[in-house]
Amino acid sequence: MCGIVGAIAERNVVSILLEGLKRLEYRGYDSAGVAVLDAQGQLQRVRRTGKVQELADALADNPIKGSTGIAHTRWATHGGVTEANAHPHFSTARVAVVHNGIIENYQSLREQLRAEGFHFSSDTDTETIAHQVELELKSTDSLLTAVQRAVKKFHGAYGTVVIDQQNPDSMVVARSGSPLVIGLGIDENFIASDQLALLPVTRRFIFLEEGDVARISRTEVHIFDQDGNEVLRPVHDSEIEHDAGDKGGYRHYMLKEIHEQPTVVRNTLQDRLTQSGVDPRIFGALAPDLLAKVKHVQIIACGTSYHSGMTARYWLEQYANVSCNVEIASEFRYRKSFVHPNSLLVTISQSGETADTLAALRLGKELGYMASLTICNVPGSSLVRESDLAFMTLAGAEIGVASTKAFTTQLTGLLMLTLALGQFNGMADNDQQKIVGALHSLPAKLEETLALTGNIEKLAEEFADKHHSLFLGRGDQYPIAMEGALKLKEISYIHAEAYASGELKHGPLALIDDEMPVIVVAPNNELLEKLKSNVEEVRARGGIMYVFADKDARFESDATMRVINLPHVDSVIAPIVYTLPLQLLSYYVAIIKGTDVDQPRNLAKSVTVE
Ligand code: HGA
């Protein structure tokens with residue numbers, strides 16, 4: 001979600017800032033801006049609604065130059081999408097800020113700052129940061145002190161970078177609830193909300209921790225914790241190989257990422273899955289001791305990751321003999337909940353920075369969970385650093401806002417967690433062998449499934465003029481139906497709902513007519529006959545169905561039903577395999593509808609606000 005880039009150097013930093021913003025574009029945003037301190041020590045700013053390219057064009061027409069600067073891609077939370085609301089925000093002509101997050105008490109701060117004589121030129125919560133810092137600068141010359149005092153007034157979440165016309169040799173940054181990473185250069189330093197933004201200029205990073213405030217000059221970095229004590233934070237050498245410009249010959253990142261799934265699932269299994277199962281240490285050095293004690297699993301996640309958690313519940317209870325609850329992070333964190341004895345708190349997030357999930361982890365620690373494990377795709381992210389155990393999905397950078405390969409690698413990790421917990425809880429030998437064998441076969445089965453791309457592309461034509469759709473599944477395919485519906489709505493903007501098909505008669509059957517396509521996921525599992533009865537219920541009411549089915553499930557295409565046969569797979573990995581055709585269907589429907597596939601409207605990647 002949104003992006004921050006800042007730089008302090010000897011050279012003009014505008015192109016570094018723009019390149020950084022471009023690298024963060026995939027997260028979704030609605031406007032962009034840049035501000036620098038120019039050679040005369042004056043603040044200069046250019047902002048535009050729309051794409052970073054529009055900002056780049058505006059800068060080409062009216063160049064600004066400076067060796068200290070900040071830039072931002074905004075995903076509006078407070079105030080509409082207008083140039084006046086785009087960041088950076090100024091307080092008079094002295095202080096400029098960019099901000100990710102939400103200042104929850106901005107209304108009362110606005111009143112107080114107005115009473116102090118400050119004038120507001122935007123509707124954002126962010127502008128209060130600029131004025132509050134300038135107010136503090138009335139009683140100190142130090143920008144660091146001013147920011148340290150200002151942040152004490154803020155409730156909510158922020159990753160913010162402040163520059164001050166009268167302190168031109170440094171920028172001050174503060175993190176609470178929204179990630180920031182310092183990039184270390186040679187006689188120049190950088191700040192960003194994600195290391196990806198800075199990979200062209202450095203590979204050495206310091207991740208700020210919650211409550212940190214830092215002063216960054218060209219040659220020095222000083223970090224202070226929330227009590228104001230100077231602290232040393234470790235320097236990490238990034239191993240990320242990522243070129244955000246590379247779509248690998250595919251038309252969209254999403255399509256590239258769908259097709260990468262056999263490879264990244266193979267990478268995720270490699271060196272972790274042996275012929276006999278998994279070593280618990282793949283979840284961390286403490287895992288053998290901690291996992292041995294687990295009697296209950298509480299999974300917390302949002303969006304697509306929530307669907308992988310829901311799938312895992314079926315696996316954990318069926319095969320690993322541990323009870324499991326799954327909850328959406330934004331619900332969990334605001335209700336009183338019960339902690340079962342010997343409970344493992346499992347968080348799932350692609351970015352490791354999902355604000356609600358991170359808050360839920362912190363709450364979970366207070367509530368007394370025995371241990372925490374995160375299933376995550378970004379090394380060094382907040383969830384990884386703050387959890388006792390971590391399993392890294394090796395999906396590589398996921399650029400498309402609609403998650404694809406992160407989901408299937410999460411599921412792969414969760415099935416390995418099922419194996420690990422099963423070892424300590426009497427998993428049946430034949431179940432163990434079945435899961436290990438099925439996981440070994442998974443990359444090849446995903447490749448076979450992708451060979452259906454051409455058929456699904458044709459099928460998509462039948463959806464392009466539809467306004468609603470219904471996805472049906474049973475058992476561990478119910479969360480896959482939910483994920484299929486989520487993909488379709490995210491990128492094609494067609495209303496899609498998912499139901500456990502046993503629920504049809506309790507309401508949704510009323511919706512069925514020939515304008516409401518019904519998508520069914522039907523592997524050959526123990527619920528097949530029940531599912532077939534549900535299919536007949538739809539047929540009897542004139543519904544048009546598209547059934548993704550195992551050959552052995554014996555569905556026949558006819559006037560009201562199109563059957564797309566998938567390769568035969570063991571039912572335990574069917575949720576992973578059956579995800580792929582649903583991703584492809586959404587993709588090709590979106591192509592026909594001409595939507596912005598990689599950056600769908602109103603959405604953002606890595607949701608770092610509540
Ligand atoms: N609340 C601020 C910033 C939101 C955000 O993180 N955007 O990138 C606003 O609405 O401008």
# chains A, B, ... in the order shown; residues from 1 in each chain; ligands from 1

call {"tool": "residues_near_ligand", "arguments": {"ligand": "ligand 1", "cutoff": "6 Å", "atoms": "only C-alpha atoms and all ligand atoms", "output": "MDAnalysis selection string"}}
result
chainID A and resid 2 73:79 99:102 124:126

call {"tool": "write_last_selection", "arguments": {"atoms": "all heavy atoms", "output": "CSV table (one decimal), in the first residue's frame"}}
result
chain,number,residue,atom,x,y,z
A,2,CYS,N,0.6,2.2,-0.8
A,2,CYS,CA,1.3,3.4,-0.9
A,2,CYS,C,2.8,3.3,-0.7
A,2,CYS,O,3.3,2.3,-0.3
A,2,CYS,CB,0.7,4.4,0.0
A,2,CYS,SG,0.3,3.8,1.6
A,73,THR,N,3.7,7.9,-2.9
A,73,THR,CA,2.5,7.5,-3.7
A,73,THR,C,1.4,7.3,-2.6
A,73,THR,O,1.6,6.6,-1.7
A,73,THR,CB,2.7,6.2,-4.5
A,73,THR,OG1,3.4,5.2,-3.6
A,73,THR,CG2,3.5,6.4,-5.7
A,74,ARG,N,0.3,8.0,-2.9
A,74,ARG,CA,-0.8,8.0,-1.8
A,74,ARG,C,-1.9,7.1,-2.2
A,74,ARG,O,-2.3,7.0,-3.3
A,74,ARG,CB,-1.3,9.4,-1.8
A,74,ARG,CG,-2.5,9.6,-0.8
A,74,ARG,CD,-3.0,11.0,-0.7
A,74,ARG,NE,-4.0,11.2,0.3
A,74,ARG,CZ,-5.2,11.6,0.1
A,74,ARG,NH1,-5.6,11.9,-1.1
A,74,ARG,NH2,-6.1,11.6,1.1
A,75,TRP,N,-2.4,6.4,-1.2
A,75,TRP,CA,-3.6,5.6,-1.3
A,75,TRP,C,-4.6,6.2,-0.3
A,75,TRP,O,-4.4,6.0,0.9
A,75,TRP,CB,-3.4,4.1,-1.0
A,75,TRP,CG,-4.6,3.3,-1.2
A,75,TRP,CD1,-5.0,2.8,-2.4
A,75,TRP,CD2,-5.5,2.8,-0.2
A,75,TRP,NE1,-6.2,2.0,-2.2
A,75,TRP,CE2,-6.5,2.0,-0.9
A,75,TRP,CE3,-5.5,2.9,1.1
A,75,TRP,CZ2,-7.5,1.4,-0.2
A,75,TRP,CZ3,-6.6,2.3,1.8
A,75,TRP,CH2,-7.5,1.5,1.1
A,76,ALA,N,-5.5,7.0,-0.7
A,76,ALA,CA,-6.2,8.0,0.1
A,76,ALA,C,-7.0,7.2,1.2
A,76,ALA,O,-7.7,6.2,1.0
A,76,ALA,CB,-7.2,8.8,-0.7
A,77,THR,N,-6.8,7.7,2.5
A,77,THR,CA,-7.7,7.2,3.5
A,77,THR,C,-8.5,8.4,4.0
A,77,THR,O,-9.7,8.2,4.4
A,77,THR,CB,-6.9,6.6,4.7
A,77,THR,OG1,-6.1,7.6,5.3
A,77,THR,CG2,-6.1,5.5,4.3
A,78,HIS,N,-8.0,9.6,4.1
A,78,HIS,CA,-8.7,10.8,4.6
A,78,HIS,C,-8.6,11.9,3.6
A,78,HIS,O,-7.5,12.5,3.4
A,78,HIS,CB,-8.1,11.2,6.0
A,78,HIS,CG,-8.3,10.3,7.1
A,78,HIS,ND1,-7.9,9.0,7.0
A,78,HIS,CD2,-9.0,10.4,8.2
A,78,HIS,CE1,-8.2,8.3,8.1
A,78,HIS,NE2,-8.9,9.2,8.9
A,79,GLY,N,-9.7,12.2,3.0
A,79,GLY,CA,-9.7,13.2,1.9
A,79,GLY,C,-9.6,12.6,0.6
A,79,GLY,O,-9.0,11.6,0.4
A,99,HIS,N,3.8,10.6,4.5
A,99,HIS,CA,3.2,9.8,5.6
A,99,HIS,C,2.5,8.6,5.1
A,99,HIS,O,1.6,8.8,4.2
A,99,HIS,CB,2.3,10.7,6.5
A,99,HIS,CG,1.4,10.0,7.4
A,99,HIS,ND1,0.0,10.3,7.4
A,99,HIS,CD2,1.5,9.0,8.2
A,99,HIS,CE1,-0.6,9.6,8.3
A,99,HIS,NE2,0.3,8.7,8.8
A,100,ASN,N,2.7,7.5,5.6
A,100,ASN,CA,1.9,6.3,5.4
A,100,ASN,C,1.2,6.0,6.7
A,100,ASN,O,1.8,6.1,7.8
A,100,ASN,CB,2.7,5.1,5.0
A,100,ASN,CG,3.1,5.1,3.6
A,100,ASN,OD1,2.7,6.0,2.8
A,100,ASN,ND2,4.0,4.2,3.2
A,101,GLY,N,-0.1,5.7,6.7
A,101,GLY,CA,-0.8,5.4,7.9
A,101,GLY,C,-2.0,6.3,8.1
A,101,GLY,O,-2.5,7.0,7.2
A,102,ILE,N,-2.4,6.4,9.4
A,102,ILE,CA,-3.6,7.2,9.7
A,102,ILE,C,-3.3,7.9,11.1
A,102,ILE,O,-3.0,7.2,12.0
A,102,ILE,CB,-4.9,6.3,9.8
A,102,ILE,CG1,-5.3,5.8,8.4
A,102,ILE,CG2,-6.0,7.2,10.4
A,102,ILE,CD1,-6.4,4.8,8.5
A,124,THR,N,-6.5,16.1,4.5
A,124,THR,CA,-5.8,14.9,5.0
A,124,THR,C,-5.6,14.9,6.5
A,124,THR,O,-5.4,16.0,7.1
A,124,THR,CB,-4.5,14.6,4.3
A,124,THR,OG1,-3.6,15.7,4.6
A,124,THR,CG2,-4.6,14.5,2.8
A,125,ASP,N,-5.4,13.8,7.1
A,125,ASP,CA,-4.9,13.7,8.5
A,125,ASP,C,-3.4,14.0,8.5
A,125,ASP,O,-2.9,14.6,9.4
A,125,ASP,CB,-5.1,12.3,9.0
A,125,ASP,CG,-4.6,11.2,8.0
A,125,ASP,OD1,-4.6,11.4,6.8
A,125,ASP,OD2,-4.3,10.1,8.5
A,126,THR,N,-2.7,13.7,7.4
A,126,THR,CA,-1.2,13.9,7.3
A,126,THR,C,-0.8,15.3,7.5
A,126,THR,O,0.2,15.6,8.1
A,126,THR,CB,-0.8,13.4,5.9
A,126,THR,OG1,-1.1,12.1,5.7
A,126,THR,CG2,0.7,13.6,5.7

call {"tool": "residues_around", "arguments": {"residues": "A:Glu327", "least_positions_apart": "3", "cutoff": "7 Å", "atoms": "only C-alpha atoms", "output": "JSON, numbers by chain"}}
result
{"A": [299, 300, 301, 332]}

call {"tool": "residues_around", "arguments": {"residues": "stretch 595-608 of chain A", "least_positions_apart": "4", "cutoff": "7 Å", "atoms": "only C-alpha atoms", "output": "count of residues only"}}
result
21

call {"tool": "closest_residue", "arguments": {"among": "A:Leu43, A:Ile375, A:Val265, A:Val572", "to": "A:Gln432", "atoms": "only C-alpha atoms"}}
result
A:Val572

call {"tool": "closest_residue", "arguments": {"among": "A:Glu220, A:Gln583, A:Glu610, A:Asn342", "to": "A:Ser330", "atoms": "only C-alpha atoms"}}
result
A:Glu610

call {"tool": "closest_residue", "arguments": {"among": "A:Gly3, A:Ser323, A:Ala93, A:Ile163", "to": "A:Val36", "atoms": "only C-alpha atoms"}}
result
A:Ile163

call {"tool": "select_by_dssp", "arguments": {"residues": "stretch 206-380 of chain A", "states": "strand (DSSP E)", "output": "ChimeraX atom specification"}}
result
/A:206-207,213-216,221-224,230-231,236-237,296-301,323-328,343-349,371-376

call {"tool": "write_last_selection", "arguments": {"atoms": "N, CA, C and O atoms", "output": "compact mmCIF listing (two decimals), in the first residue's frame"}}
result
# COMPACT_ATOMS: atom_id res chain seq x y z
N ILE A 206 18.78 -0.89 7.13
CA ILE A 206 18.45 -0.98 8.56
C ILE A 206 16.93 -0.88 8.67
O ILE A 206 16.33 0.09 8.18
N PHE A 207 16.31 -1.89 9.28
CA PHE A 207 14.86 -1.85 9.47
C PHE A 207 14.55 -1.13 10.77
O PHE A 207 15.02 -1.55 11.84
N VAL A 213 12.65 6.80 16.08
CA VAL A 213 12.78 8.06 15.34
C VAL A 213 14.25 8.13 14.95
O VAL A 213 15.12 7.81 15.76
N ALA A 214 14.55 8.53 13.71
CA ALA A 214 15.95 8.55 13.28
C ALA A 214 16.27 9.86 12.56
O ALA A 214 15.42 10.43 11.88
N ARG A 215 17.52 10.31 12.77
CA ARG A 215 18.02 11.47 12.01
C ARG A 215 19.02 10.93 11.00
O ARG A 215 19.97 10.24 11.36
N ILE A 216 18.78 11.27 9.75
CA ILE A 216 19.60 10.72 8.68
C ILE A 216 20.25 11.88 7.93
O ILE A 216 19.55 12.78 7.44
N VAL A 221 23.76 8.11 10.43
CA VAL A 221 22.39 7.71 10.80
C VAL A 221 22.35 7.56 12.32
O VAL A 221 23.20 6.85 12.89
N HIS A 222 21.46 8.26 12.96
CA HIS A 222 21.29 8.11 14.42
C HIS A 222 19.86 7.68 14.69
O HIS A 222 18.92 8.37 14.27
N ILE A 223 19.72 6.57 15.41
CA ILE A 223 18.37 6.03 15.66
C ILE A 223 18.07 6.11 17.16
O ILE A 223 18.93 5.76 17.99
N PHE A 224 16.87 6.52 17.49
CA PHE A 224 16.46 6.65 18.90
C PHE A 224 15.19 5.83 19.10
O PHE A 224 14.28 5.87 18.27
N GLU A 230 19.45 6.57 22.29
CA GLU A 230 20.06 6.22 21.01
C GLU A 230 20.33 4.72 20.99
O GLU A 230 20.81 4.14 21.97
N VAL A 231 20.00 4.08 19.88
CA VAL A 231 20.14 2.62 19.78
C VAL A 231 20.84 2.25 18.48
O VAL A 231 20.83 3.03 17.52
N HIS A 236 21.42 -5.05 7.49
CA HIS A 236 21.17 -6.29 6.72
C HIS A 236 21.60 -6.09 5.27
O HIS A 236 21.33 -5.04 4.69
N ASP A 237 22.25 -7.10 4.71
CA ASP A 237 22.55 -7.08 3.28
C ASP A 237 21.39 -7.75 2.56
O ASP A 237 21.10 -8.92 2.82
N HIS A 296 -3.50 -26.67 20.05
CA HIS A 296 -4.52 -25.88 19.36
C HIS A 296 -3.81 -24.83 18.49
O HIS A 296 -2.77 -24.32 18.88
N VAL A 297 -4.41 -24.56 17.34
CA VAL A 297 -3.83 -23.54 16.45
C VAL A 297 -4.88 -22.44 16.22
O VAL A 297 -6.04 -22.74 15.90
N GLN A 298 -4.46 -21.21 16.41
CA GLN A 298 -5.32 -20.06 16.09
C GLN A 298 -4.68 -19.34 14.90
O GLN A 298 -3.58 -18.81 15.02
N ILE A 299 -5.37 -19.34 13.77
CA ILE A 299 -4.83 -18.68 12.58
C ILE A 299 -5.47 -17.31 12.43
O ILE A 299 -6.69 -17.16 12.58
N ILE A 300 -4.63 -16.32 12.10
CA ILE A 300 -5.11 -14.94 11.92
C ILE A 300 -4.57 -14.43 10.59
O ILE A 300 -3.37 -14.53 10.33
N ALA A 301 -5.44 -13.86 9.78
CA ALA A 301 -4.99 -13.33 8.49
C ALA A 301 -6.07 -12.43 7.90
O ALA A 301 -7.14 -12.27 8.49
N SER A 323 -6.88 -29.04 17.13
CA SER A 323 -8.03 -28.19 16.83
C SER A 323 -7.52 -26.86 16.28
O SER A 323 -6.38 -26.45 16.55
N CYS A 324 -8.36 -26.21 15.51
CA CYS A 324 -7.91 -24.99 14.83
C CYS A 324 -9.07 -24.02 14.66
O CYS A 324 -10.17 -24.42 14.27
N ASN A 325 -8.82 -22.76 14.98
CA ASN A 325 -9.75 -21.69 14.65
C ASN A 325 -9.07 -20.75 13.67
O ASN A 325 -7.85 -20.60 13.73
N VAL A 326 -9.87 -20.11 12.84
CA VAL A 326 -9.32 -19.15 11.87
C VAL A 326 -10.14 -17.88 11.99
O VAL A 326 -11.37 -17.94 12.03
N GLU A 327 -9.47 -16.74 12.06
CA GLU A 327 -10.24 -15.50 12.19
C GLU A 327 -9.58 -14.38 11.40
O GLU A 327 -8.35 -14.32 11.26
N ILE A 328 -10.41 -13.50 10.89
CA ILE A 328 -9.94 -12.29 10.20
C ILE A 328 -9.30 -11.38 11.23
O ILE A 328 -9.86 -11.14 12.31
N SER A 343 -1.66 -23.08 22.88
CA SER A 343 -2.11 -22.58 21.57
C SER A 343 -0.98 -21.95 20.80
O SER A 343 -0.23 -21.13 21.35
N LEU A 344 -0.91 -22.28 19.53
CA LEU A 344 0.05 -21.64 18.62
C LEU A 344 -0.71 -20.59 17.81
O LEU A 344 -1.73 -20.90 17.19
N LEU A 345 -0.21 -19.36 17.83
CA LEU A 345 -0.83 -18.30 17.04
C LEU A 345 -0.12 -18.25 15.69
O LEU A 345 1.09 -18.00 15.64
N VAL A 346 -0.86 -18.50 14.62
CA VAL A 346 -0.24 -18.50 13.29
C VAL A 346 -0.77 -17.30 12.51
O VAL A 346 -1.98 -17.15 12.33
N THR A 347 0.14 -16.42 12.09
CA THR A 347 -0.26 -15.30 11.23
C THR A 347 0.19 -15.61 9.81
O THR A 347 1.22 -16.24 9.60
N ILE A 348 -0.62 -15.15 8.85
CA ILE A 348 -0.29 -15.39 7.44
C ILE A 348 -0.39 -14.05 6.71
O ILE A 348 -1.39 -13.34 6.83
N SER A 349 0.67 -13.71 5.99
CA SER A 349 0.66 -12.43 5.26
C SER A 349 1.74 -12.47 4.18
O SER A 349 2.86 -12.92 4.45
N ALA A 371 3.07 -19.66 21.72
CA ALA A 371 4.11 -19.28 20.76
C ALA A 371 3.44 -18.73 19.51
O ALA A 371 2.24 -18.92 19.30
N SER A 372 4.25 -18.04 18.68
CA SER A 372 3.71 -17.49 17.44
C SER A 372 4.55 -17.95 16.26
O SER A 372 5.77 -18.08 16.36
N LEU A 373 3.85 -18.18 15.16
CA LEU A 373 4.51 -18.58 13.91
C LEU A 373 3.93 -17.72 12.80
O LEU A 373 2.71 -17.51 12.76
N THR A 374 4.78 -17.21 11.92
CA THR A 374 4.24 -16.51 10.76
C THR A 374 4.59 -17.26 9.49
O THR A 374 5.68 -17.83 9.37
N ILE A 375 3.64 -17.25 8.56
CA ILE A 375 3.86 -17.79 7.21
C ILE A 375 3.91 -16.55 6.32
O ILE A 375 2.89 -15.86 6.17
N CYS A 376 5.06 -16.25 5.77
CA CYS A 376 5.26 -14.92 5.22
C CYS A 376 6.21 -14.98 4.02
O CYS A 376 7.04 -15.87 3.92

call {"tool": "residues_around", "arguments": {"residues": "stretch 498-515 of chain A", "least_positions_apart": "5", "cutoff": "6 Å", "atoms": "only C-alpha atoms", "output": "ChimeraX atom specification"}}
result
/A:470-474,478,481-482,485,542-544

call {"tool": "write_last_selection", "arguments": {"atoms": "C-alpha atoms", "output": "compact mmCIF listing (two decimals), in the first residue's frame"}}
result
# COMPACT_ATOMS: atom_id res chain seq x y z
CA LEU A 470 -21.67 -17.56 -7.61
CA PHE A 471 -18.76 -19.85 -6.63
CA LEU A 472 -19.49 -23.17 -4.96
CA GLY A 473 -17.29 -25.67 -3.15
CA ARG A 474 -17.50 -28.06 -0.23
CA TYR A 478 -15.08 -23.98 0.08
CA ALA A 481 -14.40 -21.02 -3.96
CA MET A 482 -14.06 -17.94 -1.71
CA ALA A 485 -14.78 -15.17 -5.98
CA GLY A 542 -32.30 -23.02 -14.66
CA GLY A 543 -28.76 -22.08 -13.52
CA ILE A 544 -25.81 -22.13 -15.94

call {"tool": "closest_residue", "arguments": {"among": "A:Leu291, A:Ile182, A:Ile480, A:Pro262", "to": "A:Ser305", "atoms": "only C-alpha atoms"}}
result
A:Ile480

call {"tool": "atom_distance", "arguments": {"atom1": "atom CA of A:Ala60", "atom2": "atom CA of A:Asp38"}}
result
16.3 Å

call {"tool": "residues_around", "arguments": {"residues": "stretch 402-408 of chain A", "least_positions_apart": "5", "cutoff": "6 Å", "atoms": "only C-alpha atoms", "output": "PDB file with N, CA and C atoms, in the first residue's frame"}}
result
ATOM      1  N   GLU A 257       2.956 -14.161 -12.677  1.00  0.00           N
ATOM      2  CA  GLU A 257       2.970 -14.771 -11.344  1.00  0.00           C
ATOM      3  C   GLU A 257       2.132 -16.046 -11.288  1.00  0.00           C
ATOM      4  N   GLN A 261       3.906 -20.320 -10.644  1.00  0.00           N
ATOM      5  CA  GLN A 261       3.536 -21.128  -9.473  1.00  0.00           C
ATOM      6  C   GLN A 261       4.207 -22.502  -9.397  1.00  0.00           C
ATOM      7  N   ALA A 395       8.074 -17.337  -2.759  1.00  0.00           N
ATOM      8  CA  ALA A 395       7.317 -16.969  -3.965  1.00  0.00           C
ATOM      9  C   ALA A 395       8.040 -15.905  -4.782  1.00  0.00           C
ATOM     10  N   ILE A 576      -4.951 -26.611  -3.715  1.00  0.00           N
ATOM     11  CA  ILE A 576      -3.881 -25.808  -4.339  1.00  0.00           C
ATOM     12  C   ILE A 576      -4.039 -25.858  -5.860  1.00  0.00           C
TER      13      ILE A 576
END

call {"tool": "closest_residue", "arguments": {"among": "A:Gly69, A:Leu135, A:Ile282, A:Arg335", "to": "A:Ser217", "atoms": "only C-alpha atoms"}}
result
A:Gly69

call {"tool": "residues_around", "arguments": {"residues": "A:Leu421", "least_positions_apart": "4", "cutoff": "7 Å", "atoms": "only C-alpha atoms", "output": "list in words"}}
result
Leu291, Ala320, Leu417 and Asn425 of chain A

call {"tool": "atom_distance", "arguments": {"atom1": "atom CA of A:Val181", "atom2": "atom CA of A:Gln195"}}
result
6.4 Å
